[in-house]
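As stored in input_23.cif (mmCIF, C-alpha atoms):
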```cif
data_structure
loop_
_atom_site.group_PDB
_atom_site.id
_atom_site.type_symbol
_atom_site.label_atom_id
_atom_site.label_comp_id
_atom_site.auth_asym_id
_atom_site.auth_seq_id
_atom_site.Cartn_x
_atom_site.Cartn_y
_atom_site.Cartn_z
ATOM 1 C CA MET A 20 28.823 46.672 101.746
ATOM 2 C CA ASN A 21 31.598 46.651 99.137
ATOM 3 C CA GLU A 22 35.287 46.061 99.786
ATOM 4 C CA GLN A 23 36.211 49.727 99.211
ATOM 5 C CA SER A 24 33.794 50.948 101.875
ATOM 6 C CA VAL A 25 35.347 48.786 104.616
ATOM 7 C CA ALA A 26 38.999 49.510 103.782
ATOM 8 C CA ALA A 27 40.773 51.416 106.543
ATOM 9 C CA PRO A 28 41.686 55.023 105.700
ATOM 10 C CA ARG A 29 45.390 54.306 106.052
ATOM 11 C CA GLU A 30 45.122 51.310 103.696
ATOM 12 C CA ILE A 31 43.414 53.479 101.085
ATOM 13 C CA ALA A 32 46.046 56.166 101.499
ATOM 14 C CA GLN A 33 48.904 53.654 101.389
ATOM 15 C CA ALA A 34 47.659 52.207 98.100
ATOM 16 C CA LEU A 35 47.541 55.691 96.600
ATOM 17 C CA ALA A 36 50.980 56.496 98.025
ATOM 18 C CA GLU A 37 52.499 53.412 96.407
ATOM 19 C CA ARG A 38 50.997 54.432 93.078
ATOM 20 C CA TRP A 39 52.253 57.994 93.652
ATOM 21 C CA ASP A 40 55.814 56.825 94.284
ATOM 22 C CA ALA A 41 55.772 54.667 91.149
ATOM 23 C CA GLN A 42 54.342 57.525 89.101
ATOM 24 C CA GLN A 43 56.917 59.999 90.386
ATOM 25 C CA THR A 44 59.757 57.561 89.688
ATOM 26 C CA ALA A 45 58.568 57.417 86.086
ATOM 27 C CA TYR A 46 59.391 61.113 85.812
ATOM 28 C CA ILE A 47 62.491 61.014 88.067
ATOM 29 C CA ARG A 48 64.711 58.051 87.219
ATOM 30 C CA HIS A 49 66.797 58.109 90.409
ATOM 31 C CA ARG A 50 64.178 59.458 92.821
ATOM 32 C CA ALA A 51 65.104 56.950 95.536
ATOM 33 C CA GLU A 52 68.760 57.996 95.368
ATOM 34 C CA ARG A 53 67.743 61.647 95.538
ATOM 35 C CA PHE A 54 65.655 60.965 98.642
ATOM 36 C CA ALA A 55 68.381 58.870 100.263
ATOM 37 C CA THR A 56 70.962 61.609 99.716
ATOM 38 C CA ILE A 57 68.697 64.257 101.230
ATOM 39 C CA ALA A 58 67.915 62.014 104.206
ATOM 40 C CA ARG A 59 71.557 61.129 104.894
ATOM 41 C CA VAL A 60 72.774 64.716 104.632
ATOM 42 C CA THR A 61 69.946 65.845 106.909
ATOM 43 C CA ALA A 62 70.968 63.182 109.416
ATOM 44 C CA ALA A 63 74.591 64.376 109.314
ATOM 45 C CA VAL A 64 73.641 68.017 109.821
ATOM 46 C CA CYS A 65 71.330 67.047 112.698
ATOM 47 C CA ALA A 66 73.649 64.487 114.304
ATOM 48 C CA ASP A 67 73.949 66.441 117.552
ATOM 49 C CA ARG A 68 70.284 67.382 117.835
ATOM 50 C CA PRO A 69 68.170 65.370 120.314
ATOM 51 C CA GLU A 70 64.955 65.863 118.316
ATOM 52 C CA PRO A 71 65.674 67.383 114.899
ATOM 53 C CA ARG A 72 62.899 69.548 113.515
ATOM 54 C CA VAL A 73 62.538 69.150 109.732
ATOM 55 C CA LEU A 74 60.177 70.914 107.323
ATOM 56 C CA ASP A 75 59.099 69.014 104.207
ATOM 57 C CA LEU A 76 58.192 72.066 102.127
ATOM 58 C CA ALA A 77 55.481 71.655 99.483
ATOM 59 C CA GLY A 78 55.705 68.063 100.666
ATOM 60 C CA GLY A 79 52.509 66.668 99.155
ATOM 61 C CA LEU A 80 51.965 63.186 100.564
ATOM 62 C CA GLY A 81 55.042 63.594 102.746
ATOM 63 C CA SER A 82 57.103 60.982 100.878
ATOM 64 C CA LEU A 83 60.359 62.849 101.405
ATOM 65 C CA GLY A 84 59.546 63.695 105.004
ATOM 66 C CA ARG A 85 58.912 60.028 105.774
ATOM 67 C CA ALA A 86 62.200 59.104 104.084
ATOM 68 C CA VAL A 87 63.960 61.538 106.416
ATOM 69 C CA LEU A 88 62.062 60.062 109.364
ATOM 70 C CA ALA A 89 63.213 56.556 108.394
ATOM 71 C CA GLU A 90 66.809 57.823 108.539
ATOM 72 C CA ILE A 91 66.248 59.872 111.727
ATOM 73 C CA PRO A 92 63.521 58.106 113.747
ATOM 74 C CA HIS A 93 63.745 60.674 116.565
ATOM 75 C CA ALA A 94 63.031 63.612 114.239
ATOM 76 C CA HIS A 95 59.867 65.705 114.143
ATOM 77 C CA ILE A 96 58.646 66.289 110.582
ATOM 78 C CA VAL A 97 56.305 69.059 109.450
ATOM 79 C CA ILE A 98 54.710 68.376 106.056
ATOM 80 C CA ALA A 99 53.578 71.667 104.536
ATOM 81 C CA ASP A 100 51.525 71.904 101.370
ATOM 82 C CA LYS A 101 48.750 73.857 99.698
ATOM 83 C CA ASP A 102 46.861 71.070 97.934
ATOM 84 C CA PRO A 103 43.815 69.861 99.910
ATOM 85 C CA ALA A 104 43.737 66.411 98.317
ATOM 86 C CA LEU A 105 47.429 65.727 98.915
ATOM 87 C CA LEU A 106 47.112 66.895 102.516
ATOM 88 C CA ALA A 107 44.075 64.657 103.059
ATOM 89 C CA VAL A 108 45.994 61.596 101.874
ATOM 90 C CA ALA A 109 49.051 62.691 103.875
ATOM 91 C CA ALA A 110 46.953 62.926 107.037
ATOM 92 C CA ASP A 111 45.751 59.346 106.626
ATOM 93 C CA LEU A 112 49.301 58.175 105.932
ATOM 94 C CA ALA A 113 50.522 59.877 109.113
ATOM 95 C CA GLY A 114 47.991 57.830 111.048
ATOM 96 C CA GLY A 115 48.328 59.887 114.207
ATOM 97 C CA ASP A 116 52.118 59.469 114.426
ATOM 98 C CA PRO A 117 53.175 62.274 116.828
ATOM 99 C CA ARG A 118 56.424 62.682 114.889
ATOM 100 C CA LEU A 119 54.482 63.867 111.832
ATOM 101 C CA GLU A 120 52.562 67.136 111.685
ATOM 102 C CA LEU A 121 50.752 68.792 108.777
ATOM 103 C CA ALA A 122 50.504 72.450 107.834
ATOM 104 C CA ASP A 123 48.200 73.892 105.158
ATOM 105 C CA VAL A 124 50.237 76.725 103.611
ATOM 106 C CA ASP A 125 50.306 78.658 100.351
ATOM 107 C CA LEU A 126 53.872 79.715 99.570
ATOM 108 C CA ALA A 127 52.592 82.529 97.355
ATOM 109 C CA ARG A 128 51.198 84.245 100.457
ATOM 110 C CA THR A 129 53.541 86.639 102.201
ATOM 111 C CA ASP A 130 52.535 85.332 105.641
ATOM 112 C CA TRP A 131 52.795 81.574 105.025
ATOM 113 C CA PHE A 132 55.626 81.199 107.548
ATOM 114 C CA GLU A 133 53.332 82.490 110.331
ATOM 115 C CA HIS A 134 51.366 79.235 110.385
ATOM 116 C CA SER A 135 51.306 78.120 114.023
ATOM 117 C CA VAL A 136 52.939 74.754 113.345
ATOM 118 C CA ILE A 137 55.735 76.316 111.302
ATOM 119 C CA ALA A 138 56.400 79.396 113.438
ATOM 120 C CA ARG A 139 56.697 77.421 116.682
ATOM 121 C CA GLU A 140 60.520 77.252 116.593
ATOM 122 C CA PRO A 141 63.399 77.252 114.071
ATOM 123 C CA PHE A 142 64.010 74.244 111.859
ATOM 124 C CA ASP A 143 67.201 72.223 111.725
ATOM 125 C CA ALA A 144 66.521 71.373 108.078
ATOM 126 C CA VAL A 145 64.101 72.254 105.301
ATOM 127 C CA VAL A 146 63.777 69.753 102.459
ATOM 128 C CA SER A 147 61.739 69.715 99.265
ATOM 129 C CA SER A 148 61.494 67.556 96.157
ATOM 130 C CA THR A 149 59.916 68.132 92.744
ATOM 131 C CA ALA A 150 57.714 70.904 94.068
ATOM 132 C CA LEU A 151 59.238 74.380 94.106
ATOM 133 C CA HIS A 152 59.335 74.527 90.294
ATOM 134 C CA TRP A 153 55.607 75.276 90.569
ATOM 135 C CA LEU A 154 56.442 78.655 92.085
ATOM 136 C CA GLN A 155 56.804 81.803 90.037
ATOM 137 C CA PRO A 156 60.494 82.867 90.003
ATOM 138 C CA ALA A 157 59.861 85.928 92.191
ATOM 139 C CA THR A 158 57.986 83.783 94.703
ATOM 140 C CA LEU A 159 60.833 81.255 94.784
ATOM 141 C CA VAL A 160 63.305 84.037 95.611
ATOM 142 C CA ASP A 161 61.003 85.240 98.405
ATOM 143 C CA VAL A 162 60.642 81.715 99.794
ATOM 144 C CA TYR A 163 64.421 81.279 99.946
ATOM 145 C CA ARG A 164 64.700 84.614 101.747
ATOM 146 C CA VAL A 165 62.158 83.466 104.334
ATOM 147 C CA LEU A 166 63.879 80.103 104.780
ATOM 148 C CA ALA A 167 67.114 81.866 105.672
ATOM 149 C CA GLN A 168 65.273 83.229 108.717
ATOM 150 C CA MET A 169 63.477 79.977 109.584
ATOM 151 C CA VAL A 170 66.504 77.674 109.707
ATOM 152 C CA ARG A 171 68.790 77.725 112.747
ATOM 153 C CA PRO A 172 72.437 78.752 112.287
ATOM 154 C CA GLY A 173 74.220 75.688 110.931
ATOM 155 C CA GLY A 174 70.952 74.267 109.590
ATOM 156 C CA ILE A 175 70.404 73.261 105.983
ATOM 157 C CA VAL A 176 67.949 73.719 103.118
ATOM 158 C CA MET A 177 67.864 71.110 100.328
ATOM 159 C CA ASN A 178 65.740 71.269 97.200
ATOM 160 C CA GLY A 179 65.672 68.406 94.709
ATOM 161 C CA ASP A 180 64.266 69.152 91.272
ATOM 162 C CA HIS A 181 64.815 69.081 87.535
ATOM 163 C CA LEU A 182 66.817 72.211 86.678
ATOM 164 C CA SER A 183 67.044 72.194 82.931
ATOM 165 C CA TYR A 184 70.242 72.691 81.000
ATOM 166 C CA ASP A 185 70.512 75.851 78.941
ATOM 167 C CA SER A 186 69.145 74.820 75.528
ATOM 168 C CA HIS A 187 71.717 77.069 73.810
ATOM 169 C CA GLY A 188 74.916 76.912 75.842
ATOM 170 C CA GLU A 189 74.369 73.317 76.992
ATOM 171 C CA SER A 190 72.393 71.922 74.072
ATOM 172 C CA VAL A 191 74.151 68.535 73.934
ATOM 173 C CA LEU A 192 73.436 67.696 77.588
ATOM 174 C CA ALA A 193 69.955 69.194 77.315
ATOM 175 C CA ALA A 194 69.158 66.760 74.493
ATOM 176 C CA ILE A 195 70.647 63.804 76.389
ATOM 177 C CA ALA A 196 68.645 64.647 79.526
ATOM 178 C CA LYS A 197 65.418 65.022 77.518
ATOM 179 C CA ALA A 198 65.939 61.667 75.788
ATOM 180 C CA ASP A 199 66.756 60.000 79.109
ATOM 181 C CA ASP A 200 63.552 61.313 80.688
ATOM 182 C CA GLU A 201 61.486 60.138 77.737
ATOM 183 C CA ALA A 202 63.063 56.664 77.809
ATOM 184 C CA ASN A 203 62.385 56.296 81.515
ATOM 185 C CA GLN A 204 58.768 57.346 81.067
ATOM 186 C CA ARG A 205 58.224 54.938 78.155
ATOM 187 C CA ALA A 206 59.601 52.050 80.181
ATOM 188 C CA SER A 207 57.583 52.966 83.265
ATOM 189 C CA PHE A 208 54.273 53.571 81.538
ATOM 190 C CA GLY A 209 54.819 50.355 79.575
ATOM 191 C CA ARG A 210 54.685 48.576 82.945
ATOM 192 C CA ARG A 211 51.257 50.158 83.539
ATOM 193 C CA VAL A 212 52.561 52.742 86.003
ATOM 194 C CA ASP A 213 50.177 55.683 86.376
ATOM 195 C CA THR A 214 50.782 58.878 84.479
ATOM 196 C CA TRP A 215 50.341 62.127 86.404
ATOM 197 C CA ASP A 216 46.765 62.511 85.143
ATOM 198 C CA GLU A 217 45.882 58.880 85.829
ATOM 199 C CA TRP A 218 47.026 59.147 89.439
ATOM 200 C CA TRP A 219 44.847 62.182 90.004
ATOM 201 C CA GLN A 220 41.905 60.368 88.421
ATOM 202 C CA ALA A 221 42.411 57.609 91.001
ATOM 203 C CA VAL A 222 42.246 60.185 93.819
ATOM 204 C CA ALA A 223 39.099 61.738 92.363
ATOM 205 C CA ALA A 224 37.471 58.288 92.160
ATOM 206 C CA GLU A 225 38.115 57.528 95.838
ATOM 207 C CA PRO A 226 35.049 58.645 97.859
ATOM 208 C CA ARG A 227 37.137 59.452 100.913
ATOM 209 C CA TYR A 228 39.023 62.178 99.024
ATOM 210 C CA ALA A 229 36.331 63.355 96.605
ATOM 211 C CA ALA A 230 35.511 66.526 98.541
ATOM 212 C CA ALA A 231 39.164 67.493 98.952
ATOM 213 C CA PHE A 232 39.783 66.843 95.267
ATOM 214 C CA ALA A 233 36.805 69.029 94.339
ATOM 215 C CA ARG A 234 38.381 71.941 96.250
ATOM 216 C CA ARG A 235 41.583 71.891 94.204
ATOM 217 C CA ASP A 236 40.370 74.246 91.472
ATOM 218 C CA GLU A 237 39.124 76.690 94.093
ATOM 219 C CA ILE A 238 42.394 76.593 96.044
ATOM 220 C CA TRP A 239 44.785 76.702 93.105
ATOM 221 C CA GLY A 240 42.910 78.792 90.569
ATOM 222 C CA PRO A 241 44.416 79.151 87.081
ATOM 223 C CA GLU A 242 47.915 78.176 88.229
ATOM 224 C CA LEU A 243 46.752 74.565 88.606
ATOM 225 C CA HIS A 244 46.833 74.249 84.813
ATOM 226 C CA ILE A 245 49.536 76.754 83.825
ATOM 227 C CA ALA A 246 53.173 75.860 84.377
ATOM 228 C CA PRO A 247 55.371 78.773 85.538
ATOM 229 C CA PRO A 248 58.578 79.720 83.695
ATOM 230 C CA LYS A 249 61.522 77.366 84.190
ATOM 231 C CA VAL A 250 64.505 78.736 86.063
ATOM 232 C CA THR A 251 68.145 77.714 86.012
ATOM 233 C CA LEU A 252 70.420 76.209 88.607
ATOM 234 C CA GLY A 253 72.213 79.544 88.639
ATOM 235 C CA LEU A 254 69.076 81.387 89.730
ATOM 236 C CA HIS A 255 68.598 79.015 92.665
ATOM 237 C CA LEU A 256 72.192 79.430 93.824
ATOM 238 C CA GLU A 257 72.204 83.204 93.482
ATOM 239 C CA ALA A 258 68.850 83.478 95.258
ATOM 240 C CA LEU A 259 70.160 81.363 98.145
ATOM 241 C CA ARG A 260 73.358 83.406 98.423
ATOM 242 C CA SER A 261 71.411 86.652 98.312
ATOM 243 C CA ALA A 262 69.065 85.324 101.007
ATOM 244 C CA GLY A 263 72.036 85.096 103.370
ATOM 245 C CA PHE A 264 73.049 81.439 103.334
ATOM 246 C CA ARG A 265 76.789 81.172 103.897
ATOM 247 C CA GLN A 266 77.404 78.044 101.780
ATOM 248 C CA CYS A 267 75.433 76.667 98.845
ATOM 249 C CA GLY A 268 75.885 74.375 95.881
ATOM 250 C CA THR A 269 74.807 71.001 94.508
ATOM 251 C CA VAL A 270 74.992 67.986 96.825
ATOM 252 C CA TRP A 271 73.754 65.448 94.233
ATOM 253 C CA GLN A 272 73.179 65.419 90.481
ATOM 254 C CA TYR A 273 72.098 63.110 87.685
ATOM 255 C CA LEU A 274 72.025 64.948 84.355
ATOM 256 C CA ASP A 275 69.614 67.874 84.936
ATOM 257 C CA ASP A 276 68.245 66.415 88.174
ATOM 258 C CA HIS A 277 69.851 68.293 91.086
ATOM 259 C CA VAL A 278 69.696 68.491 94.828
ATOM 260 C CA VAL A 279 70.660 72.048 95.697
ATOM 261 C CA TYR A 280 71.784 72.760 99.255
ATOM 262 C CA ALA A 281 72.287 75.855 101.376
ATOM 263 C CA ILE A 282 73.825 76.097 104.844
ATOM 264 C CA ARG A 283 72.647 78.875 107.121
#
```
In structure tokens, how does this file's structure come out?
Amino acid sequence: MNEQSVAAPREIAQALAERWDAQQTAYIRHRAERFATIARVTAAVCADRPEPRVLDLAGGLGSLGRAVLAEIPHAHIVIADKDPALLAVAADLAGGDPRLELADVDLARTDWFEHSVIAREPFDAVVSSTALHWLQPATLVDVYRVLAQMVRPGGIVMNGDHLSYDSHGESVLAAIAKADDEANQRASFGRRVDTWDEWWQAVAAEPRYAAAFARRDEIWGPELHIAPPKVTLGLHLEALRSAGFRQCGTVWQYLDDHVVYAIR
């Protein structure tokens, strides 16, 4: 019996999660600061709630949700995602913690918010990081409209992502941001940090997740390999305002890396 076959599921998942966090930080220089800001603001908004209910939307492994949980140990976190492999790893990472719950949802479906775990009661906060850029612009607008109905009055939505500068009107900062990203990636990959593709190869090679990985093409279809159009910060803010949020803006920024917020 080899060493891999006797490793506990959570140990396997934790090793992949550590590689995931390193890989993501290669593409997002100040990812930890982004997470910390989201977690602290969530804690402030939920300060008077006995058991805050937080949705980690398109949460993947649940890295952001667990960061929020570290800041608010009495919170209940729902990690919602579409990818079967990410959800499989996330389930092992959760390890039966009753404060963590998973939901298999496709945000492109018009009924995604009817999932039993999500529809149970309103959320105090919805958070997301480096995920919603995979949505088509029209779908993003629809998701924001739905979130305005899912969050309690006074609750918050925060979305952290790269929102590119306008290559014409903001060409100087666009070039600086691009060069900064490339420098961070060179330094990270020079330390033998996984690239995006290498991390997914590691998941595919792990027998525990092979079946879930094999389902990805079926679940995602062509969109797995085709990036949607990029949208601006302005589109996010206008979509949030139009959805009915009473306050919105940017709570944190480093170059073109933003955390957008909206208060219900």
For Leu274 in chain A: contacts at 10 Å, all atoms listed in the file, fewer than 5 positions along chain excluded, given as an MDAnalysis selection string: chainID A and resid 181:184 192:193 195:197 199:200
Spatial sel., origin (61.8, 68.4, 114.6), limit 8 Å, only C-alpha atoms, listed as a VMD selection string: chain A and resid 70 to 74 94 to 97 118 142 to 143
Just to be explicit: take each residue in the selection above, keep C-alpha atoms, and write the result as a PDB file, in the frame of the given file.
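Generated output (result.pdb):
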```pdb
ATOM      1  CA  GLU A  70      64.955  65.863 118.316  1.00  0.00           C
ATOM      2  CA  PRO A  71      65.674  67.383 114.899  1.00  0.00           C
ATOM      3  CA  ARG A  72      62.899  69.548 113.515  1.00  0.00           C
ATOM      4  CA  VAL A  73      62.538  69.150 109.732  1.00  0.00           C
ATOM      5  CA  LEU A  74      60.177  70.914 107.323  1.00  0.00           C
ATOM      6  CA  ALA A  94      63.031  63.612 114.239  1.00  0.00           C
ATOM      7  CA  HIS A  95      59.867  65.705 114.143  1.00  0.00           C
ATOM      8  CA  ILE A  96      58.646  66.289 110.582  1.00  0.00           C
ATOM      9  CA  VAL A  97      56.305  69.059 109.450  1.00  0.00           C
ATOM     10  CA  ARG A 118      56.424  62.682 114.889  1.00  0.00           C
ATOM     11  CA  PHE A 142      64.010  74.244 111.859  1.00  0.00           C
ATOM     12  CA  ASP A 143      67.201  72.223 111.725  1.00  0.00           C
TER      13      ASP A 143
END
```
Residue neighbourhood Leu259 in chain A, 7 Å, all atoms listed in the file, exclusion window fewer than 5 positions, as a compact mmCIF listing (two decimals) with C-alpha atoms, in the frame of the given file:
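Output below, filename selection.txt:
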```txt
# COMPACT_ATOMS: atom_id res chain seq x y z
CA TYR A 163 64.42 81.28 99.95
CA PHE A 264 73.05 81.44 103.33
CA ALA A 281 72.29 75.86 101.38
```
How close does range 104-192 of chain A get to range 30-34 of chain A? List, as a Markdown table, each residue of range 104-192 of chain A within 8 Å, its nearest atom pair and the distance in Å to one decimal, counting only C-alpha atoms.
```
| residue | atom | partner | partner_atom | distance |
| --- | --- | --- | --- | --- |
| A:Val108 | CA | A:Ala32 | CA | 5.4 |
| A:Ala109 | CA | A:Ala32 | CA | 7.6 |
| A:Asp111 | CA | A:Ala32 | CA | 6.0 |
| A:Leu112 | CA | A:Ala32 | CA | 5.9 |
```
Would you mind exporting the chosen residues as an mmCIF file, in the coordinates of the input, restricted to C-alpha atoms?
```
data_model
loop_
_atom_site.group_PDB
_atom_site.id
_atom_site.type_symbol
_atom_site.label_atom_id
_atom_site.label_comp_id
_atom_site.auth_asym_id
_atom_site.auth_seq_id
_atom_site.Cartn_x
_atom_site.Cartn_y
_atom_site.Cartn_z
ATOM 1 C CA VAL A 108 45.994 61.596 101.874
ATOM 2 C CA ALA A 109 49.051 62.691 103.875
ATOM 3 C CA ASP A 111 45.751 59.346 106.626
ATOM 4 C CA LEU A 112 49.301 58.175 105.932
#
```
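Once only C-alpha atoms are considered, the residues situated within 10 Å of the file point (61.5, 59.8, 89.5) turn out to be Asp40, Ala41, Gln42, Gln43, Thr44, Ala45, Tyr46, Ile47, Arg48, His49, Arg50, Ala51, Glu52, Arg53, Thr149, Asp180, Asp200, Asn203, Gln204 and Asp276 of chain A.
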Using all atoms of range 57-71 of chain A that appear in the file, construct an axis-aligned enclosing box with 4 Å of padding on every side and provide its centre coordinates and edge lengths in Å, rounded to one decimal, as JSON.
```
{"center_x": 69.8, "center_y": 64.6, "center_z": 110.8, "size_x": 17.6, "size_y": 14.9, "size_z": 27.1}
```
Expansion of the PyMOL selection byres ((chain A and resi 228) around 12) into residues, as a ChimeraX atom specification: /A:28,31-32,35,102-111,219-227,229-235
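The shortest atom-to-atom distance to Ser261 in chain A, with only C-alpha atoms taken into account, belongs to A:Asp161 out of A:Asp161, A:Glu120, A:Asp213, A:Asp125.
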Picked residues, the PyMOL selection byres ((chain A and resi 91) around 12), as a ChimeraX atom specification: /A:55,57-73,84-90,92-96,118
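For the set A:Ala99, A:Ala198, A:Ala150, A:Val191, the residue with the smallest atom-to-atom gap to Leu119 in chain A is A:Ala99, counting only C-alpha atoms.
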Which residue of A:Asp100, A:Arg265, A:Ser147, A:Asp116 approaches His134 in chain A most closely, using all atoms listed in the file: A:Asp100
Neighbour list for Val176 in chain A as a VMD selection string, cut-off 7 Å, all atoms listed in the file, skip fewer than 5 positions in-chain: chain A and resid 144 to 146 280 to 282
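For the atom pair formed by CA of Cys267 in chain A and CA of Met169 in chain A, the distance is 16.4 Å, given to one decimal.
Among the candidate residues A:Leu243, A:Val162, A:Ala127, A:Val279, the one lying nearest to His255 in chain A is A:Val279, with distances computed using all atoms listed in the file.
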